[in-house]
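Okay, structure first, notes after.
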Amino acid sequence: MKFRKDINGLRAVAVVLVLLFHGGLTAFPSGFLGVDVFFVISGFLITAIVRADLVAGKFSFADFYVRRLWRIQVALLAVIAATLLAAAIFYLPDDFNVYFKSAMQTIGLTSNYYFAKTTTAYAATGSQTLLLLHTWSLSVEWQWYVLMPVTMWLLYRYASPRQTRVVLLLALVAASILAVRQPVMHGDAAYFWFSSRIFQFLFGATLAVLIEGRPKPSNALALNALGLLALALIFAIAMKPGVIADYPNPYAVMLSAACVMVLWMGGNEQSWVSRVLSLAPVVFVGDISYSLYLWHWPIFATWRYLQLPETGGCLLLCFALTFLLGYLSYRFIEQPYRRLRPGFGKSLAVLVVVPLVAMAAVFGVAQKYAFFPGRFGPELAYVNGTLDKYDPPLRRHCLQGRGTNGGNVDPHYLDVCVVGKKDVPVTGLMIGDSYSNQYWNFIGLLSNAAGISVASLATPSCLALPGVTLYNWYSINYQQYRVCEDRTKHYYSIIQSHQFKYVIIGENWVYYDFAAVVNQPGDPQSRELGQARMEAAVRHALDIITATGAVPVVIKGAPVMPPDFEGCFYQHFKLREKTGGTDCTLSSNKNQTEIWYDQLFERLKTRYPSLVLIDPRLVQCSGATCMTTYQGVPIYRDTGHMSDYGSYQLGQRYLQTQPNPFTNSGSTPAAVPSR
């Protein structure tokens, strides 16, 4: 009983850290690791329960899963029902679509992998309004529940207690090494993966097995001090900035070890740690910690989606709502239903299958009606209808992930990912990052008017220039660097083996930090060195292109969407206000990096007479401002990319006011510069 109080006390620590982190309190910039504490507790507690049932000869797989289902799913389904209502009222159609997908994945116990694929990072700004983002940890829990009982049953049946301890210790070491390597190899997605988190469950499970039949720790002064030190270490890591980079990392291992020490010391009723964690208010928060965790995130996510002020008073209101809903959920949902024990089949049907089918059915209806834009009035229905009208189905399929074979480009996509004149041979190739992909409609209009067709291939966050790579840049991981390098080599191999008339390079040039540009990992890094390498790489690309007789075309960077544009344009729809979105202006001023690129391209134009420059600013900007909407419809689709509608409209304006770069430009032979 005492141990249970200590566990609830540690749960209270975990949930408070998570709440403070999600509340934006700067004192705990790494409070997200409260979830890690939950994982260690779960590994310890559930393993101890299963082992005890095995020893008593009363363990049943069916009974185990029935208890887990009624313990976890009922309150979770209540949250899903509430968030469905919130999304139906406040969330715009595209975001409502995302909500439905996340809800189905959550009910199906796989939301961690869904969010790994669809978010840039757990703590990214764009993730903060996803109503069910926090359920990734519940999916990880369920994946542990699938693995752990089978493993414990096999070990109990076929291994001695000593062999079991050795197996778990070896598995713990191997899983810890794997966990800290995964983010380095696979980036931020690894944060959500079960394979990156199993070591934390194993920390708890190993402790549960190691202390079986052993005396409780003594009340020696050194052990008490060690317990307090472990508890202090948990808070110290939570208060340290920057821990989330490449997470799980060694901090995650240190934290898990500290949790194990706190749990172990909790076995001694006289320990200082036990006294702290057994205080009545702490235990109460621990009792309702699951419901607090479930309800707090949708409250903060909705608040931030509506872009309501985050003053001290507003945060207190969010915390008050969290504790109110958390207590009511614990009292009237968790407690009554966790005691139910229907059969496994019935429990699975009622708590997983039927809700999943029902959500899928509602999703199907919502999808049929474009997620009901009329909820927000006729203006949004017009905006969404207009955006949908200009959406080319193939564009997103011609980004990396579809049409790739390792680092190579599937040659089939040179005939599929095509814009411009139909039924004519492909005579142009457009390469670059996702910002080249955004020009699908723009280049399509220009090439169609010139009677040519252009194959468009792109790799996200990839500087598609020969001889350079990015190292230790932003959140892009090593695997993505390698994919970019390999695909870039293949791009230029294709250029050299095909007789293209035009080769177009499109990049969000200012996106890439000069200091991250290297020829190979290990090179010295600085802004000046990066600029020199960038210029050399662009020259190298132009040398390759012009040597084939093709005309090189470079798309200069369009203005990047202001960070508050989406809120500015869509806020009045969410709040059901009649007017808004008219003051979302963008300055035409250029920063130093943009000016540097302007100067570079002008120098290159002198050296490479056949070089064609396309500048979207010529038709997007006028005077001191650049437009962000056209005829009341946004020309941006997210934090930086142009919408397909915007790409089309800027292409039309370019044709009307500027020379078509693909008309008669091929009549001038491509000059190979002398060295």
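Each chain of the structure tokens is named A, B, ... in the order shown, its residues numbered from 1; ligands are numbered from 1 in display order.
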How close does each residue of region 123-193 of chain A get to region 628-649 of chain A, giving the shortest atom pair and distance in Å to one decimal for every residue with an atom at most 12 Å away, counting only C-alpha atoms, sorted by chain and residue number, as CSV?
```
residue,atom,partner,partner_atom,distance
A:Ala124,CA,A:Thr639,CA,12.0
A:Thr125,CA,A:Thr639,CA,10.1
A:Gly126,CA,A:Thr639,CA,8.8
```
Surrounding residues of Ser622 (chain A) excluding itself and chain neighbours under 3 positions, 12 Å, only C-alpha atoms, as a VMD selection string: chain A and resid 585 to 589 616 to 619 625 to 628
Shell around Asn437 (chain A) at 9 Å using only C-alpha atoms, local window under 2 positions removed, as a count of residues only: 18
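CA of Ser453 (chain A) sits 29.1 Å away from CA of Val468 (chain A).
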Shell around Ile244 (chain A) at 12 Å using only C-alpha atoms, local window under 4 positions removed, as a PyMOL selection string: chain A and resi 21+28-33+121-124+183+187-188+190-191+237-240+248-252+475
For N, CA and C atoms, I'd like the residues from the last selection saved as a JSON list (two decimals), in the first residue's frame.
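Now in selection-v9.json:
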```json
[["chain", "number", "residue", "atom", "x", "y", "z"],
["A", 21, "PHE", "N", 5.08, 22.38, -18.52],
["A", 21, "PHE", "CA", 5.73, 22.51, -19.83],
["A", 21, "PHE", "C", 4.72, 22.94, -20.89],
["A", 28, "PHE", "N", 10.40, 25.39, -16.59],
["A", 28, "PHE", "CA", 10.55, 23.96, -16.90],
["A", 28, "PHE", "C", 10.54, 23.77, -18.42],
["A", 29, "PRO", "N", 11.60, 24.24, -19.09],
["A", 29, "PRO", "CA", 11.64, 24.15, -20.55],
["A", 29, "PRO", "C", 11.74, 22.72, -21.07],
["A", 30, "SER", "N", 12.03, 21.76, -20.19],
["A", 30, "SER", "CA", 12.10, 20.35, -20.59],
["A", 30, "SER", "C", 11.12, 19.50, -19.79],
["A", 31, "GLY", "N", 10.03, 20.10, -19.37],
["A", 31, "GLY", "CA", 9.05, 19.37, -18.58],
["A", 31, "GLY", "C", 8.33, 18.27, -19.35],
["A", 32, "PHE", "N", 8.50, 18.25, -20.69],
["A", 32, "PHE", "CA", 7.91, 17.19, -21.50],
["A", 32, "PHE", "C", 8.33, 15.81, -21.01],
["A", 33, "LEU", "N", 9.49, 15.71, -20.34],
["A", 33, "LEU", "CA", 10.00, 14.42, -19.91],
["A", 33, "LEU", "C", 9.18, 13.81, -18.77],
["A", 121, "ALA", "N", 7.98, 17.97, -35.59],
["A", 121, "ALA", "CA", 8.59, 17.65, -34.30],
["A", 121, "ALA", "C", 7.50, 17.74, -33.23],
["A", 122, "TYR", "N", 7.71, 17.05, -32.12],
["A", 122, "TYR", "CA", 6.73, 17.05, -31.03],
["A", 122, "TYR", "C", 6.47, 18.47, -30.52],
["A", 123, "ALA", "N", 7.54, 19.24, -30.33],
["A", 123, "ALA", "CA", 7.39, 20.58, -29.75],
["A", 123, "ALA", "C", 7.33, 21.67, -30.81],
["A", 124, "ALA", "N", 7.18, 21.31, -32.09],
["A", 124, "ALA", "CA", 7.12, 22.31, -33.15],
["A", 124, "ALA", "C", 5.85, 23.16, -32.99],
["A", 183, "PRO", "N", 17.33, 9.01, -32.89],
["A", 183, "PRO", "CA", 17.11, 10.39, -33.34],
["A", 183, "PRO", "C", 18.22, 10.90, -34.25],
["A", 187, "GLY", "N", 15.99, 11.42, -37.03],
["A", 187, "GLY", "CA", 15.42, 12.73, -36.76],
["A", 187, "GLY", "C", 14.32, 12.73, -35.73],
["A", 188, "ASP", "N", 13.50, 13.77, -35.78],
["A", 188, "ASP", "CA", 12.49, 14.00, -34.76],
["A", 188, "ASP", "C", 11.40, 12.94, -34.71],
["A", 190, "ALA", "N", 11.73, 9.88, -34.44],
["A", 190, "ALA", "CA", 12.09, 8.85, -33.47],
["A", 190, "ALA", "C", 11.56, 9.16, -32.08],
["A", 191, "TYR", "N", 11.25, 10.42, -31.82],
["A", 191, "TYR", "CA", 10.69, 10.80, -30.51],
["A", 191, "TYR", "C", 9.44, 9.99, -30.19],
["A", 237, "ILE", "N", 16.86, 18.12, -14.71],
["A", 237, "ILE", "CA", 16.80, 17.89, -16.15],
["A", 237, "ILE", "C", 15.59, 18.61, -16.75],
["A", 238, "ALA", "N", 14.47, 18.59, -16.03],
["A", 238, "ALA", "CA", 13.26, 19.27, -16.51],
["A", 238, "ALA", "C", 13.48, 20.78, -16.62],
["A", 239, "MET", "N", 14.38, 21.32, -15.83],
["A", 239, "MET", "CA", 14.64, 22.77, -15.84],
["A", 239, "MET", "C", 15.76, 23.17, -16.79],
["A", 240, "LYS", "N", 16.38, 22.19, -17.43],
["A", 240, "LYS", "CA", 17.50, 22.48, -18.33],
["A", 240, "LYS", "C", 17.00, 22.73, -19.74],
["A", 248, "PRO", "N", 14.93, 10.75, -27.80],
["A", 248, "PRO", "CA", 15.67, 10.45, -26.57],
["A", 248, "PRO", "C", 17.18, 10.52, -26.77],
["A", 249, "ASN", "N", 17.83, 11.06, -25.76],
["A", 249, "ASN", "CA", 19.27, 11.23, -25.77],
["A", 249, "ASN", "C", 19.81, 10.79, -24.40],
["A", 250, "PRO", "N", 21.08, 10.98, -24.11],
["A", 250, "PRO", "CA", 21.58, 10.55, -22.79],
["A", 250, "PRO", "C", 20.81, 11.12, -21.61],
["A", 251, "TYR", "N", 20.20, 12.30, -21.76],
["A", 251, "TYR", "CA", 19.39, 12.82, -20.67],
["A", 251, "TYR", "C", 18.22, 11.89, -20.36],
["A", 252, "ALA", "N", 17.67, 11.27, -21.38],
["A", 252, "ALA", "CA", 16.56, 10.34, -21.16],
["A", 252, "ALA", "C", 17.01, 9.13, -20.37],
["A", 475, "SER", "N", 16.83, 20.74, -37.91],
["A", 475, "SER", "CA", 16.43, 19.46, -37.32],
["A", 475, "SER", "C", 16.52, 18.33, -38.33]]
```
Picked from region 531-628 of chain A by DSSP as helix (DSSP H, G or I), as JSON, numbers by chain: {"A": [531, 532, 533, 534, 535, 536, 537, 538, 539, 540, 541, 542, 543, 544, 545, 546, 547, 565, 566, 567, 568, 569, 570, 571, 572, 573, 574, 592, 593, 594, 595, 596, 597, 598, 599, 600, 601, 602, 603, 604, 605, 606, 607, 617, 618, 619, 620]}
Proximity of region 245-323 of chain A to region 76-86 of chain A: per-residue shortest pair, 12 Å limit, only C-alpha atoms, as CSV:
```
residue,atom,partner,partner_atom,distance
A:Tyr290,CA,A:Leu76,CA,9.6
A:Ser291,CA,A:Leu76,CA,8.6
A:Leu292,CA,A:Val79,CA,11.1
A:Tyr293,CA,A:Leu76,CA,10.3
A:Leu294,CA,A:Val79,CA,6.9
A:Trp295,CA,A:Val79,CA,6.8
A:His296,CA,A:Val79,CA,10.2
A:Trp297,CA,A:Val79,CA,10.2
A:Pro298,CA,A:Thr83,CA,6.8
A:Ile299,CA,A:Thr83,CA,9.2
A:Phe300,CA,A:Thr83,CA,11.8
A:Ala301,CA,A:Thr83,CA,10.1
A:Thr302,CA,A:Ala86,CA,7.6
A:Trp303,CA,A:Ala86,CA,10.7
A:Tyr305,CA,A:Ala86,CA,10.8
A:Leu306,CA,A:Ala86,CA,11.1
```
Restricting the output to N, CA, C and O atoms, write the selected residues as a compact mmCIF listing (two decimals), in the first residue's frame.
```
# COMPACT_ATOMS: atom_id res chain seq x y z
N TYR A 290 -3.84 10.50 -14.56
CA TYR A 290 -4.20 10.05 -15.90
C TYR A 290 -5.25 10.97 -16.53
O TYR A 290 -5.12 11.40 -17.68
N SER A 291 -6.27 11.29 -15.75
CA SER A 291 -7.31 12.19 -16.28
C SER A 291 -6.76 13.60 -16.50
O SER A 291 -7.14 14.27 -17.47
N LEU A 292 -5.89 14.05 -15.61
CA LEU A 292 -5.27 15.36 -15.83
C LEU A 292 -4.50 15.37 -17.14
O LEU A 292 -4.59 16.34 -17.91
N TYR A 293 -3.76 14.31 -17.39
CA TYR A 293 -2.99 14.22 -18.63
C TYR A 293 -3.91 14.21 -19.85
O TYR A 293 -3.65 14.89 -20.85
N LEU A 294 -4.99 13.46 -19.76
CA LEU A 294 -5.91 13.36 -20.90
C LEU A 294 -6.55 14.69 -21.25
O LEU A 294 -6.68 15.04 -22.43
N TRP A 295 -6.96 15.44 -20.24
CA TRP A 295 -7.77 16.63 -20.49
C TRP A 295 -6.97 17.91 -20.68
O TRP A 295 -7.45 18.86 -21.28
N HIS A 296 -5.75 17.97 -20.14
CA HIS A 296 -5.04 19.25 -20.17
C HIS A 296 -4.69 19.67 -21.60
O HIS A 296 -4.82 20.84 -21.95
N TRP A 297 -4.24 18.71 -22.42
CA TRP A 297 -3.74 19.08 -23.75
C TRP A 297 -4.85 19.62 -24.66
O TRP A 297 -4.63 20.65 -25.33
N PRO A 298 -6.03 19.00 -24.75
CA PRO A 298 -7.06 19.59 -25.60
C PRO A 298 -7.45 21.01 -25.19
O PRO A 298 -7.78 21.83 -26.05
N ILE A 299 -7.37 21.30 -23.90
CA ILE A 299 -7.69 22.65 -23.44
C ILE A 299 -6.66 23.65 -23.98
O ILE A 299 -7.00 24.68 -24.57
N PHE A 300 -5.38 23.33 -23.81
CA PHE A 300 -4.33 24.22 -24.31
C PHE A 300 -4.31 24.28 -25.83
O PHE A 300 -4.08 25.34 -26.42
N ALA A 301 -4.54 23.13 -26.48
CA ALA A 301 -4.51 23.11 -27.95
C ALA A 301 -5.63 23.97 -28.54
O ALA A 301 -5.41 24.72 -29.50
N THR A 302 -6.83 23.88 -27.97
CA THR A 302 -7.96 24.69 -28.46
C THR A 302 -7.69 26.17 -28.21
O THR A 302 -7.94 27.02 -29.08
N TRP A 303 -7.17 26.48 -27.04
CA TRP A 303 -6.86 27.87 -26.69
C TRP A 303 -5.88 28.46 -27.70
O TRP A 303 -6.06 29.58 -28.18
N TYR A 305 -5.19 27.26 -30.72
CA TYR A 305 -5.74 27.25 -32.08
C TYR A 305 -6.56 28.52 -32.32
O TYR A 305 -6.53 29.10 -33.42
N LEU A 306 -7.28 28.95 -31.30
CA LEU A 306 -8.08 30.17 -31.41
C LEU A 306 -7.24 31.42 -31.21
O LEU A 306 -7.76 32.53 -31.31
```
Selection: 8 Å around Pro149 (chain A), only C-alpha atoms, excl. self and same-chain fewer than 3 positions, as a PyMOL selection string: chain A and resi 47+50+61+145-146+152-153
Go ahead and write the residues just picked, N, CA and C atoms, as a short mmCIF file (atom, residue, chain, number, x, y, z; two decimals), in the first residue's frame.
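Done, and the output landed in again_10.cif:
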```
data_model
loop_
_atom_site.label_atom_id
_atom_site.label_comp_id
_atom_site.auth_asym_id
_atom_site.auth_seq_id
_atom_site.Cartn_x
_atom_site.Cartn_y
_atom_site.Cartn_z
N THR A 47 4.87 -4.76 -14.79
CA THR A 47 5.70 -5.97 -14.70
C THR A 47 5.54 -6.63 -13.35
N VAL A 50 2.12 -8.45 -13.28
CA VAL A 50 2.12 -9.66 -14.10
C VAL A 50 2.96 -10.75 -13.45
N PHE A 61 -3.95 -13.83 -19.99
CA PHE A 61 -3.78 -12.78 -21.00
C PHE A 61 -5.08 -12.01 -21.21
N TYR A 145 2.19 -3.02 -23.73
CA TYR A 145 1.28 -4.04 -23.20
C TYR A 145 1.19 -5.27 -24.10
N VAL A 146 1.38 -5.05 -25.39
CA VAL A 146 1.37 -6.19 -26.31
C VAL A 146 2.61 -7.05 -26.12
N MET A 152 7.15 -11.74 -20.39
CA MET A 152 7.21 -12.18 -19.00
C MET A 152 6.72 -13.62 -18.84
N TRP A 153 5.72 -13.98 -19.59
CA TRP A 153 5.21 -15.35 -19.53
C TRP A 153 6.27 -16.34 -20.02
#
```
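Pairwise distance (CA of Thr548 (chain A), CA of Pro659 (chain A)) equals 24.5 Å.
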Contacts of Arg331 (chain A) at 9 Å (only C-alpha atoms; same-chain gap of 5+ positions) as a PyMOL selection string: chain A and resi 288+326+336
